[in-house]
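Trainee: Below is the file protein_26.cif, with mmCIF, C-alpha atoms.
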```cif
data_input
#
loop_
_atom_site.label_atom_id
_atom_site.label_comp_id
_atom_site.auth_asym_id
_atom_site.auth_seq_id
_atom_site.Cartn_x
_atom_site.Cartn_y
_atom_site.Cartn_z
CA MET I 30 129.33 92.82 90.62
CA PRO I 31 127.99 95.03 87.84
CA MET I 32 130.51 97.26 86.17
CA TYR I 33 130.21 100.80 84.90
CA GLY I 34 128.48 100.80 81.57
CA ASP I 35 126.78 97.42 81.97
CA LEU I 36 123.41 99.06 82.30
CA GLY I 37 124.11 101.37 79.41
CA ASN I 38 124.98 98.38 77.33
CA LYS I 39 121.62 96.83 78.15
CA LEU I 40 119.90 99.95 76.86
CA VAL I 41 121.82 99.73 73.63
CA GLN I 42 120.80 96.11 73.24
CA HIS I 43 117.19 97.14 73.75
CA ALA I 44 117.59 99.82 71.12
CA LYS I 45 119.21 97.40 68.72
CA ARG I 46 116.36 94.97 69.11
CA THR I 47 113.79 97.72 68.72
CA GLN I 48 115.19 98.58 65.30
CA ASN I 49 114.09 95.21 63.94
CA LEU I 50 110.68 95.11 65.56
CA THR I 51 107.50 96.33 63.95
CA HIS I 52 106.02 97.44 67.25
CA LEU I 53 107.54 99.46 70.04
CA PRO I 54 108.52 97.40 73.11
CA PRO I 55 107.80 98.84 76.57
CA TYR I 56 109.86 101.81 77.69
CA GLN I 57 112.62 100.75 80.12
CA THR I 58 111.82 103.24 82.83
CA GLU I 59 113.86 101.48 85.50
CA LEU I 60 116.89 100.99 83.33
CA VAL I 61 116.91 104.61 82.18
CA ARG I 62 116.65 105.72 85.78
CA ALA I 63 119.48 103.40 86.86
CA VAL I 64 121.81 104.62 84.13
CA THR I 65 121.04 108.24 84.95
CA ARG I 66 121.71 107.49 88.61
CA GLU I 67 125.04 105.93 87.70
CA VAL I 68 126.01 109.15 85.90
CA ARG I 69 125.12 111.23 88.93
CA ASP I 70 127.02 108.91 91.27
CA LEU I 71 130.07 109.05 89.04
CA ASP I 72 129.86 112.82 88.96
CA LYS I 73 129.72 112.90 92.75
CA ASP I 74 132.75 110.58 92.90
CA VAL I 75 134.66 112.92 90.64
CA ALA I 76 133.74 115.89 92.78
CA SER I 77 134.77 114.19 96.03
CA LEU I 78 138.01 112.93 94.46
CA LEU I 79 138.93 116.41 93.38
CA GLU I 80 137.83 118.13 96.56
CA PRO I 81 141.04 117.72 98.59
CA PHE I 82 143.07 119.24 95.76
CA GLN I 83 141.17 122.54 95.80
CA GLY I 84 141.44 122.96 92.06
CA SER I 85 145.20 122.41 91.90
CA PHE I 86 145.16 118.77 90.78
CA ASP I 87 148.27 117.70 88.91
CA PRO I 88 147.64 114.48 86.91
CA SER I 89 151.34 113.54 86.62
CA ALA I 90 151.87 113.77 90.38
CA ASP I 91 149.00 111.40 91.22
CA GLN I 92 148.54 109.03 88.37
CA ALA I 93 146.22 106.62 90.19
CA THR I 94 143.69 109.36 90.88
CA ALA I 95 144.09 110.71 87.37
CA CYS I 96 143.28 107.29 86.00
CA THR I 97 140.17 106.97 88.16
CA LEU I 98 139.03 110.39 87.03
CA LEU I 99 139.52 109.47 83.40
CA VAL I 100 137.56 106.24 83.73
CA ASN I 101 134.74 108.02 85.53
CA HIS I 102 134.73 110.75 82.96
CA LEU I 103 134.55 108.33 80.05
CA SER I 104 131.90 106.16 81.72
CA MET I 105 129.64 109.15 82.21
CA ARG I 106 129.94 110.14 78.58
CA ARG I 107 129.41 106.60 77.44
CA ASN I 108 126.25 106.33 79.50
CA LYS I 109 125.03 109.55 78.00
CA ARG I 110 125.57 108.21 74.52
CA CYS I 111 123.73 105.01 75.37
CA LEU I 112 120.78 106.98 76.70
CA LEU I 113 120.72 109.23 73.67
CA ALA I 114 120.91 106.28 71.31
CA TYR I 115 118.13 104.47 73.13
CA HIS I 116 115.80 107.45 73.08
CA ARG I 117 116.60 108.40 69.52
CA THR I 118 115.89 104.90 68.28
CA ARG I 119 112.52 105.05 69.93
CA THR I 120 111.66 108.53 68.70
CA ASP I 121 112.60 107.41 65.18
CA LYS I 122 110.08 104.61 65.56
CA LEU I 123 107.50 107.02 66.91
CA GLU I 124 108.02 109.33 63.97
CA GLU I 125 107.55 106.40 61.63
CA LEU I 126 104.23 105.73 63.34
CA VAL I 127 103.20 109.35 62.97
CA TRP I 128 103.99 109.24 59.27
CA SER I 129 102.00 106.07 58.78
CA GLY I 130 99.01 107.74 60.35
CA SER I 131 98.55 105.87 63.62
CA ASP I 132 97.72 107.78 66.76
CA VAL I 133 98.45 107.34 70.43
CA LEU I 134 94.96 106.14 71.16
CA ASP I 135 95.46 103.33 68.67
CA LEU I 136 98.61 102.27 70.45
CA ALA I 137 96.93 102.32 73.83
CA GLY I 138 94.06 100.34 72.36
CA GLN I 139 96.39 97.63 71.10
CA GLN I 140 97.97 97.40 74.50
CA ALA I 141 94.66 97.05 76.28
CA GLY I 142 93.48 94.44 73.81
CA GLY I 143 96.62 92.34 73.97
CA GLY I 144 97.28 92.69 77.70
CA ASN I 145 95.20 91.97 80.75
CA GLY I 146 92.26 94.07 79.67
CA ALA I 147 91.70 97.77 80.06
CA GLY I 148 92.73 97.77 83.71
CA ALA I 149 96.38 97.20 82.82
CA ALA I 150 96.59 100.48 80.95
CA VAL I 151 95.84 102.40 84.13
CA ASP I 152 98.67 100.81 86.13
CA SER I 153 101.78 102.88 85.82
CA GLY I 154 104.44 101.26 83.65
CA GLY I 155 102.47 98.12 82.90
CA GLY I 156 100.05 99.54 80.38
CA SER I 157 101.31 101.69 77.58
CA SER I 158 104.64 100.85 76.01
CA LEU I 159 105.37 104.57 75.77
CA SER I 160 106.70 106.71 78.56
CA PRO I 161 104.58 109.81 79.29
CA GLN I 162 107.36 111.90 77.72
CA GLU I 163 107.20 109.79 74.61
CA GLU I 164 103.46 110.26 74.38
CA ASP I 165 104.03 114.00 74.53
CA TYR I 166 106.69 113.75 71.87
CA PHE I 167 104.41 111.68 69.68
CA ARG I 168 101.69 114.30 69.88
CA GLN I 169 104.02 117.21 69.31
CA TYR I 170 105.69 115.58 66.36
CA GLY I 171 102.26 114.88 64.93
CA ASP I 172 101.47 118.60 65.16
CA LEU I 173 104.79 119.48 63.60
CA LEU I 174 104.26 117.12 60.72
CA ALA I 175 100.74 118.35 60.19
CA ALA I 176 102.06 121.90 60.00
CA TYR I 177 104.69 120.97 57.43
CA LYS I 178 102.26 118.85 55.46
CA GLY I 179 99.72 121.64 55.47
CA GLN I 180 101.98 123.62 53.17
CA TRP I 181 101.88 120.84 50.61
CA THR I 182 98.22 119.85 50.68
CA ASP I 183 98.04 119.14 46.95
CA VAL I 184 100.87 116.64 47.12
CA ASP I 185 99.80 114.55 50.13
CA LEU I 186 103.21 114.05 51.70
CA THR I 187 102.22 110.94 53.62
CA GLY I 188 101.09 109.25 50.43
CA SER I 189 102.71 106.18 48.98
CA LEU I 190 106.39 106.29 48.16
CA GLU I 191 105.97 103.66 45.49
CA PRO I 192 105.97 105.16 42.04
CA PRO I 193 102.37 105.11 40.79
CA ARG I 194 101.74 102.67 37.95
CA ASP I 195 98.01 102.47 37.59
CA LEU I 196 95.41 105.02 38.33
CA PHE I 197 92.94 102.34 39.30
CA ILE I 198 93.61 99.25 41.37
CA ASP I 199 91.75 96.21 42.64
CA VAL I 200 91.35 96.11 46.38
CA ARG I 201 89.83 93.67 48.80
CA VAL I 202 88.23 94.91 52.00
CA LEU I 203 89.75 93.30 55.09
CA LYS I 204 87.82 95.22 57.72
CA ASP I 205 84.56 97.14 57.49
CA ALA I 206 85.52 100.71 56.74
CA GLY I 207 82.10 102.22 56.17
CA GLU I 208 81.23 104.41 53.24
CA ILE I 209 83.77 106.49 51.36
CA GLN I 210 83.12 109.25 48.89
CA THR I 211 84.87 109.18 45.55
CA GLU I 212 84.27 111.29 42.51
CA TYR I 213 82.43 108.34 41.00
CA GLY I 214 79.99 108.23 43.85
CA ALA I 215 79.92 106.58 47.23
CA ILE I 216 81.33 103.11 47.83
CA ASN I 217 80.33 101.04 50.81
CA LEU I 218 83.35 99.10 52.02
CA THR I 219 82.07 95.95 53.66
CA LYS I 220 84.33 93.11 54.66
CA ASN I 221 85.38 90.63 51.96
CA SER I 222 84.01 92.67 49.11
CA GLN I 223 86.21 93.66 46.21
CA PHE I 224 86.42 96.94 44.32
CA TYR I 225 88.13 98.59 41.41
CA VAL I 226 88.94 102.05 42.71
CA ARG I 227 91.20 104.99 42.18
CA GLN I 228 94.42 104.41 44.10
CA GLY I 229 94.60 107.98 45.40
CA ASP I 230 91.19 107.58 47.05
CA VAL I 231 92.05 104.55 49.14
CA GLU I 232 95.77 104.93 49.89
CA ARG I 233 95.12 105.86 53.50
CA LEU I 234 92.85 102.88 54.02
CA ILE I 235 95.47 100.53 52.60
CA ALA I 236 98.11 101.98 54.91
CA GLN I 237 95.80 101.56 57.89
CA GLY I 238 95.10 97.96 57.01
CA TYR I 239 91.45 98.25 56.03
CA LEU I 240 92.07 97.34 52.44
CA GLN I 241 94.43 95.03 50.67
CA LYS I 242 95.79 95.84 47.27
CA LEU I 243 95.41 92.98 44.83
CA GLY I 244 98.25 92.52 42.48
CA MET C 8 128.54 132.12 30.89
CA ASP C 9 130.34 129.84 28.47
CA ILE C 10 129.93 128.96 24.84
CA ASP C 11 127.16 126.45 25.56
CA ASP C 12 125.00 129.08 27.20
CA ILE C 13 125.49 131.41 24.27
CA LEU C 14 124.63 128.70 21.79
CA ARG C 15 121.58 127.83 23.82
CA ASP C 16 120.48 131.44 23.79
CA VAL C 17 120.31 131.52 20.03
CA ASP C 18 118.96 127.99 19.70
CA PRO C 19 115.31 128.26 18.66
CA THR C 20 114.40 124.83 20.05
CA PHE C 21 115.42 125.78 23.58
CA HIS C 22 112.86 128.50 24.00
CA ALA C 23 110.31 126.43 22.19
CA ILE C 24 110.21 124.08 25.19
CA PRO C 25 107.41 125.37 27.37
CA GLN C 26 108.17 126.42 30.94
CA GLU C 27 106.05 123.58 32.35
CA LYS C 28 108.11 121.00 30.59
CA ARG C 29 111.37 122.54 31.68
CA ASP C 30 110.07 122.64 35.23
CA LEU C 31 109.22 118.97 35.10
CA GLN C 32 112.71 118.22 33.82
CA ALA C 33 114.24 120.34 36.56
CA LEU C 34 112.12 118.58 39.16
CA THR C 35 113.04 115.14 37.84
CA ARG C 36 116.71 115.97 37.92
CA ALA C 37 116.52 117.51 41.37
CA TRP C 38 114.71 114.38 42.54
CA ILE C 39 117.30 111.99 41.11
CA ALA C 40 120.17 114.06 42.45
CA GLU C 41 118.63 114.36 45.91
CA ARG C 42 118.09 110.64 46.14
CA SER C 43 121.64 109.81 45.12
CA ALA C 44 123.64 112.42 47.00
CA PRO C 45 124.67 111.53 50.54
CA GLU C 46 124.14 115.09 51.77
CA LEU C 47 121.35 117.59 51.44
CA LEU C 48 121.55 119.59 48.21
CA PRO C 49 120.55 123.23 47.98
CA TRP C 50 116.83 123.95 47.69
CA PRO C 51 116.05 125.29 44.20
CA SER C 52 115.61 128.99 44.81
CA ASN C 53 114.39 130.06 41.39
CA GLY C 54 110.74 129.69 42.22
CA LEU C 55 110.60 126.18 40.77
CA PHE C 56 108.38 124.85 43.50
CA GLU C 57 106.04 127.79 43.46
CA ARG C 58 105.46 127.12 39.76
CA ILE C 59 105.12 123.39 40.34
CA ASN C 60 102.55 123.95 43.04
CA GLY C 61 100.68 126.25 40.71
CA ASN C 62 100.70 123.63 37.97
CA ILE C 63 99.43 120.93 40.28
CA LYS C 64 96.62 123.15 41.47
CA GLN C 65 95.69 124.00 37.93
CA GLN C 66 95.53 120.34 36.93
CA ILE C 67 93.45 119.45 39.96
CA GLU C 68 90.98 122.16 39.01
CA LYS C 69 90.90 120.88 35.48
CA VAL C 70 90.17 117.38 36.72
CA GLU C 71 87.35 118.68 38.88
CA GLU C 72 85.93 120.60 35.96
CA MET C 73 86.00 117.61 33.67
CA THR C 74 84.59 115.14 36.16
CA GLY C 75 81.03 116.24 35.65
CA ASP C 76 81.26 115.55 31.94
CA MET C 77 80.11 112.06 31.03
CA ASP C 78 81.34 112.13 27.44
CA PRO C 79 83.60 109.08 26.93
CA LYS C 80 86.19 111.23 25.17
CA THR C 81 86.62 113.56 28.12
CA ASN C 82 86.62 110.55 30.35
CA PHE C 83 89.65 109.16 28.60
CA ALA C 84 91.45 112.50 28.71
CA LEU C 85 90.57 112.67 32.36
CA ILE C 86 92.31 109.39 33.06
CA VAL C 87 95.42 110.52 31.23
CA ILE C 88 95.52 113.79 33.14
CA GLN C 89 94.92 112.08 36.45
CA THR C 90 97.65 109.53 35.83
CA GLU C 91 100.05 112.29 34.92
CA LEU C 92 98.99 114.24 38.00
CA GLU C 93 99.62 111.24 40.25
CA ARG C 94 103.10 110.87 38.83
CA TYR C 95 103.84 114.54 39.24
CA ARG C 96 102.70 114.45 42.83
CA TYR C 97 104.76 111.36 43.43
CA LEU C 98 107.90 113.16 42.22
CA VAL C 99 107.32 116.12 44.51
CA ARG C 100 106.43 113.92 47.46
CA SER C 101 109.40 111.64 47.03
CA TYR C 102 111.73 114.61 46.61
CA LEU C 103 110.48 116.32 49.75
CA ARG C 104 110.60 113.11 51.76
CA ALA C 105 114.14 112.36 50.64
CA ARG C 106 115.16 115.79 51.90
CA LEU C 107 113.30 115.39 55.17
CA ALA C 108 114.97 112.04 55.78
CA LYS C 109 118.41 113.63 55.45
CA LEU C 110 117.35 116.57 57.53
CA ASP C 111 116.05 114.34 60.32
CA ARG C 112 119.25 112.33 60.41
CA HIS C 113 121.65 115.22 60.69
CA ALA C 114 119.48 118.08 61.87
CA LEU C 115 122.09 119.65 64.14
CA HIS C 116 124.64 119.53 61.37
CA TYR C 117 122.44 121.34 58.87
CA LEU C 118 121.41 123.90 61.45
CA SER C 119 124.97 124.56 62.61
CA THR C 120 126.23 127.08 60.02
CA ASP C 121 124.62 129.74 57.88
CA ALA C 122 126.00 128.21 54.70
CA LEU C 123 124.29 124.91 55.50
CA ARG C 124 121.07 126.58 56.62
CA ALA C 125 120.92 128.34 53.27
CA ARG C 126 120.37 124.96 51.62
CA LEU C 127 117.01 124.55 53.29
CA SER C 128 113.75 126.05 52.21
CA GLU C 129 112.03 128.28 54.75
CA MET C 130 109.57 125.54 55.59
CA GLU C 131 112.32 122.99 56.04
CA LEU C 132 114.24 125.35 58.27
CA ALA C 133 111.19 125.83 60.44
CA TYR C 134 110.58 122.10 60.50
CA ALA C 135 114.17 121.18 61.37
CA THR C 136 114.46 123.81 64.09
CA ARG C 137 111.23 122.75 65.71
CA HIS C 138 112.02 119.07 65.35
CA GLN C 139 115.38 119.50 67.02
CA ALA C 140 113.78 121.50 69.81
CA LEU C 141 111.26 118.70 70.34
CA LEU C 142 113.99 116.10 70.50
CA HIS C 143 116.08 118.13 72.91
CA ASN C 144 113.07 118.66 75.10
CA HIS C 145 112.30 114.98 75.01
CA TYR C 146 115.84 114.08 76.06
CA LEU C 147 115.72 116.71 78.80
CA SER C 148 112.46 115.52 80.27
CA SER C 149 113.42 111.85 79.93
CA PHE C 150 116.87 111.91 81.51
CA LEU C 151 119.10 114.79 80.57
CA SER C 152 117.72 117.23 83.13
CA SER C 153 118.93 115.05 85.99
CA PHE C 154 122.43 115.00 84.55
CA PRO C 155 125.25 117.15 85.95
CA ALA C 156 125.10 120.56 84.27
CA GLY C 157 128.34 120.04 82.39
CA LEU C 158 126.99 116.99 80.65
CA GLN C 159 123.71 118.38 79.37
CA ASN C 160 124.91 119.65 76.00
CA LEU C 161 124.10 117.93 72.75
CA ASN C 162 126.91 119.55 70.79
CA ASP C 163 130.00 118.76 72.83
CA ALA C 164 133.23 118.29 70.94
CA ALA C 165 135.23 117.07 73.96
CA GLY C 166 137.97 114.54 73.33
CA GLY C 167 138.15 115.49 69.67
CA ILE C 168 134.88 113.76 68.83
CA SER C 169 131.99 116.01 67.98
CA MET C 170 128.58 114.86 69.14
CA ILE C 171 127.12 116.18 65.92
CA GLU C 172 127.09 113.52 63.27
CA THR C 173 127.69 114.60 59.72
CA PRO C 174 126.74 112.93 56.47
CA ASP C 175 129.41 110.73 54.91
CA LEU C 176 130.75 112.79 52.05
CA GLU C 177 133.10 110.01 51.03
CA SER C 178 130.36 107.61 50.00
CA ALA C 179 130.14 106.60 46.38
CA VAL C 180 127.88 108.13 43.75
CA PHE C 181 127.37 107.59 40.04
CA ILE C 182 127.65 110.61 37.81
CA ARG C 183 127.06 111.15 34.13
CA ALA C 184 129.19 113.69 32.31
CA LEU C 185 127.17 116.42 30.62
CA LYS C 186 130.18 117.63 28.71
CA ASP C 187 133.77 116.53 28.19
CA THR C 188 135.54 117.13 31.44
CA PRO C 189 138.54 115.87 33.39
CA VAL C 190 137.81 114.03 36.63
CA GLU C 191 140.03 113.23 39.55
CA GLY C 192 139.10 110.54 42.00
CA ARG C 193 140.85 109.60 45.19
CA GLY C 194 141.20 105.88 45.62
CA VAL C 195 142.19 103.75 48.59
CA ASP C 196 145.73 103.13 47.36
CA THR C 197 146.20 105.53 44.48
CA ASP C 198 144.44 108.56 43.11
CA GLU C 199 143.36 108.55 39.53
CA ALA C 200 142.65 111.17 36.93
CA ALA C 201 140.73 110.56 33.73
CA GLU C 202 139.13 112.41 30.87
CA MET C 203 135.35 112.01 30.83
CA GLN C 204 133.41 112.39 27.64
CA GLU C 205 129.84 113.58 27.40
CA GLY C 206 127.53 110.74 28.37
CA ASP C 207 130.16 108.74 30.24
CA ILE C 208 129.08 107.35 33.57
CA VAL C 209 131.59 106.88 36.38
CA ILE C 210 131.47 106.01 40.03
CA LEU C 211 133.46 108.08 42.50
CA ARG C 212 133.37 109.63 45.93
CA TRP C 213 130.77 112.34 46.41
CA ALA C 214 133.47 114.63 47.79
CA ASP C 215 135.26 114.38 44.43
CA ALA C 216 132.12 114.52 42.31
CA LYS C 217 130.52 117.46 44.09
CA SER C 218 132.41 120.24 42.32
CA LEU C 219 131.63 118.72 38.91
CA VAL C 220 127.94 118.47 39.71
CA GLU C 221 127.81 121.99 41.09
CA ALA C 222 129.57 123.36 38.02
CA GLY C 223 127.02 121.61 35.83
CA SER C 224 129.59 119.47 34.01
CA ALA C 225 128.04 116.29 35.36
CA GLU C 226 124.79 115.11 36.91
CA LEU C 227 123.98 112.48 39.47
CA VAL C 228 122.27 109.35 38.22
#
```
Would you encode the structure as structure tokens?

Mentor:
Amino acid sequence: MPMYGDLGNKLVQHAKRTQNLTHLPPYQTELVRAVTREVRDLDKDVASLLEPFQGSFDPSADQATACTLLVNHLSMRRNKRCLLAYHRTRTDKLEELVWSGSDVLDLAGQQAGGGNGAGAAVDSGGGSSLSPQEEDYFRQYGDLLAAYKGQWTDVDLTGSLEPPRDLFIDVRVLKDAGEIQTEYGAINLTKNSQFYVRQGDVERLIAQGYLQKLG
Amino acid sequence: MDIDDILRDVDPTFHAIPQEKRDLQALTRAWIAERSAPELLPWPSNGLFERINGNIKQQIEKVEEMTGDMDPKTNFALIVIQTELERYRYLVRSYLRARLAKLDRHALHYLSTDALRARLSEMELAYATRHQALLHNHYLSSFLSSFPAGLQNLNDAAGGISMIETPDLESAVFIRALKDTPVEGRGVDTDEAAEMQEGDIVILRWADAKSLVEAGSAELV
């Protein structure tokens, strides 16, 4: 028989695993619902336990009931913490993705490509690894970041956090990226070609996996 | 004002350092300090970043101006300026990101009192407030709204444990003494007091080092 907090524990394990993954595993809709339900059930239990006392419950007179109430109380709070931890871990990951410049469509695309074709994405739950709320959050955080970044346009906040060493670097093109404009003219980035370019011009493309920096 | 300030006032070399250079020094120090300190440090309010932004803009314009020129000499100067510009931008970017990372981790803490809010720049305050609102909304729409009303708060302090996490002020930092100064550090078993001389580097708890750093007798390294 499952005990109070078992489900919450599962969520925490999911969160823990998510921390070490590069991608975001599917949202545990069922589990989240079950834990939330457990909280509501516990709350109802508490209410029905207290009902006969009409607000005049004396813990020292009825220690068994007091103990039950305490356990219920703590379980509810524990579940809440588990839920918060699970969601926060995932939003942290989402924020990371926003910073690195991916967008929701990209994520959906990966899912469709890796899964059972585009049809899977339409099925509820089976397609995207994000919950609809998470997709909203992703978009809104993107807007927020864009607003903050917009005040620092000359600095490019999402740029590399490695201290710059060389102005120019060698890069190899991993995927066709089309033509880019630099102040030295246009460069056509075709697969497997190699260029000596200004780092600032191609940082985005490196982050998105189009180019590889040669060391 | 102490004797050092007075001496500095009459020191001809101090005012000979151009504002841009002093700004760069201030930025570098702020950057190092922000990356070492476990909590968010106050935003420099003396217009440092307005000046820095101005400088960056100016250099970008200069680069654009010089780009058209094909003279090899200008070309070399251009590379030097661009390299310097990249480094300058890196400093600002890394500084801002270090602050955002702390802000994201303990948003509710930094938003909780006026004294803490005063450490943020206006933009950061707007960002943190909005970010927290987004998170709260996300929690609400994901599960919190179906919770019993009494359990929907994010800032409960029931049972003596606050839900708001705070940065660990007891974590260790390295500081360098900028002038001779006594230090007191709390240890696990015993507390210790020592005399630091200018240039000495010691490791101690941030909670103990903070007052020295704020008074300007030491800097974070």

Trainee: Can you tell me which residues surround Ser149 in chain C at a distance of at most 10 Å, considering only C-alpha atoms, apart from same-chain residues fewer than 4 positions away, and format the answer as a list in words?

Mentor: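 Using only C-alpha atoms, the neighbours found are Thr58, Val61, Arg62, Thr65, Leu112, Leu113, His116, Ser160, Pro161, Gln162 and Glu163 of chain I; His143, Asn144, His145 and Ser153 of chain C.
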
Trainee: Given only C-alpha atoms as the basis, pick out the residue of C:Leu107, C:Leu92, C:Ile39, C:Val99 nearest to Glu57 in chain C.

Mentor: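 Looking only at the distances to Glu57 in chain C, the closest residue turns out to be C:Val99.
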
Trainee: Please tabulate, as a Markdown table, the residues of chain C that come within 6 Å of chain I, each with its closest pair of atoms and the distance in Å to one decimal, counting all atoms listed in the file and ordering rows by chain, then residue number upward.

Mentor:
```
| residue | atom | partner | partner_atom | distance |
| --- | --- | --- | --- | --- |
| C:Thr90 | CA | I:Leu196 | CA | 5.6 |
| C:Arg96 | CA | I:Val184 | CA | 5.2 |
| C:Arg100 | CA | I:Leu186 | CA | 5.3 |
```

Trainee: Enter the distance from CA of Arg58 in chain C to CA of Ala125 in chain C, in Å, rounded to one decimal.

Mentor: 20.6 Å

Trainee: Would you mind reading off the distance between CA of Leu234 in chain I and CA of Glu93 in chain C, one decimal, in Å?

Mentor: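 Going from CA of Leu234 in chain I over to CA of Glu93 in chain C covers 17.5 Å.
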
Trainee: My list of candidates is I:Ile235, I:Leu123, I:Val100, I:Ala215. Which is closest to Asp74 in chain I when distances are computed with only C-alpha atoms?

Mentor: I:Val100

Trainee: Could you name the residues that touch range 206-209 of chain C at 9 Å or less, counting all atoms listed in the file, but leaving out those on the same chain fewer than 4 positions away, as a list in words?

Mentor: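 Listing them by chain and then by number gives Val180, Phe181, Ile182, Arg183, Ala184, Leu185, Lys186, Asp187, Ala225 and Val228 of chain C.
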
Trainee: Pick out the closest residue to Met73 in chain C from this set: C:Ser224, C:Asn162, C:Gln89, C:Asn60. Count only C-alpha atoms.

Mentor: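 Comparing C:Ser224, C:Asn162, C:Gln89, C:Asn60 against Met73 in chain C, the winner is C:Gln89.
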
Trainee: Given the choices I:Arg107, I:Arg119, I:His52, I:Arg168, which gets closest to Leu36 in chain I if the distance is worked out from all atoms listed in the file?

Mentor: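 Selected residue with least distance to Leu36 in chain I: I:Arg107.
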
Trainee: Quick one: distance from CA of Pro189 in chain C to CA of Gln204 in chain C in Å, one decimal?

Mentor: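 According to the coordinates, CA of Pro189 in chain C and CA of Gln204 in chain C are separated by 8.5 Å.
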
Trainee: I:Gly207, I:Gly34, I:Pro54, I:Pro81: which is nearest Leu159 in chain I, counting all atoms listed in the file?

Mentor: I:Pro54

Trainee: So which residues get picked by the PyMOL selection byres ((chain I and resi 224) around 8) here, written as a PyMOL selection string?

Mentor: chain I and resi 199-201+222-223+225-226

Trainee: Go through I:Thr118, I:Ser77, I:Ser157, I:Asn217 and flag the residue nearest Leu50 in chain I, using only C-alpha atoms for the distances.

Mentor: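 For Leu50 in chain I, the nearest of the candidates is I:Thr118.
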
Trainee: For the provided coordinates, the residues matched by the PyMOL selection byres ((chain C and resi 173) around 9) should be stated as JSON, numbers by chain.

Mentor: {"C": [46, 112, 113, 115, 116, 117, 171, 172, 174, 175, 176]}

Trainee: All heavy atoms are what I want for range 209-213 of chain C; can you complete it accordingly and write them as a compact mmCIF listing (two decimals), in the frame of the given file?

Mentor:
```
# COMPACT_ATOMS: atom_id res chain seq x y z
N VAL C 209 130.54 107.40 35.50
CA VAL C 209 131.59 106.88 36.38
C VAL C 209 131.09 106.85 37.81
O VAL C 209 130.13 107.52 38.17
CB VAL C 209 132.88 107.73 36.33
CG1 VAL C 209 133.51 107.68 34.96
CG2 VAL C 209 132.61 109.15 36.76
N ILE C 210 131.78 106.05 38.61
CA ILE C 210 131.47 106.01 40.03
C ILE C 210 132.65 106.63 40.78
O ILE C 210 133.80 106.32 40.47
CB ILE C 210 131.19 104.57 40.51
CG1 ILE C 210 130.96 104.54 42.02
CG2 ILE C 210 132.32 103.62 40.13
CD1 ILE C 210 130.46 103.20 42.52
N LEU C 211 132.38 107.54 41.67
CA LEU C 211 133.46 108.08 42.50
C LEU C 211 132.89 108.66 43.80
O LEU C 211 131.68 108.65 44.01
CB LEU C 211 134.31 109.09 41.74
CG LEU C 211 133.83 110.49 41.35
CD1 LEU C 211 135.02 111.30 40.87
CD2 LEU C 211 132.81 110.45 40.25
N ARG C 212 133.83 109.09 44.65
CA ARG C 212 133.37 109.63 45.93
C ARG C 212 132.60 110.92 45.71
O ARG C 212 132.98 111.73 44.86
CB ARG C 212 134.58 109.95 46.82
CG ARG C 212 135.34 108.75 47.28
CD ARG C 212 136.61 109.24 47.94
NE ARG C 212 137.59 108.18 48.01
CZ ARG C 212 137.78 107.45 49.11
NH1 ARG C 212 137.09 107.69 50.19
NH2 ARG C 212 138.68 106.50 49.11
N TRP C 213 131.56 111.12 46.52
CA TRP C 213 130.77 112.34 46.41
C TRP C 213 131.65 113.57 46.62
O TRP C 213 131.51 114.58 45.92
CB TRP C 213 129.62 112.31 47.40
CG TRP C 213 128.90 113.61 47.54
CD1 TRP C 213 128.79 114.38 48.66
CD2 TRP C 213 128.18 114.32 46.51
NE1 TRP C 213 128.06 115.51 48.40
CE2 TRP C 213 127.69 115.50 47.10
CE3 TRP C 213 127.94 114.07 45.17
CZ2 TRP C 213 126.95 116.44 46.38
CZ3 TRP C 213 127.20 115.00 44.45
CH2 TRP C 213 126.71 116.17 45.04
```
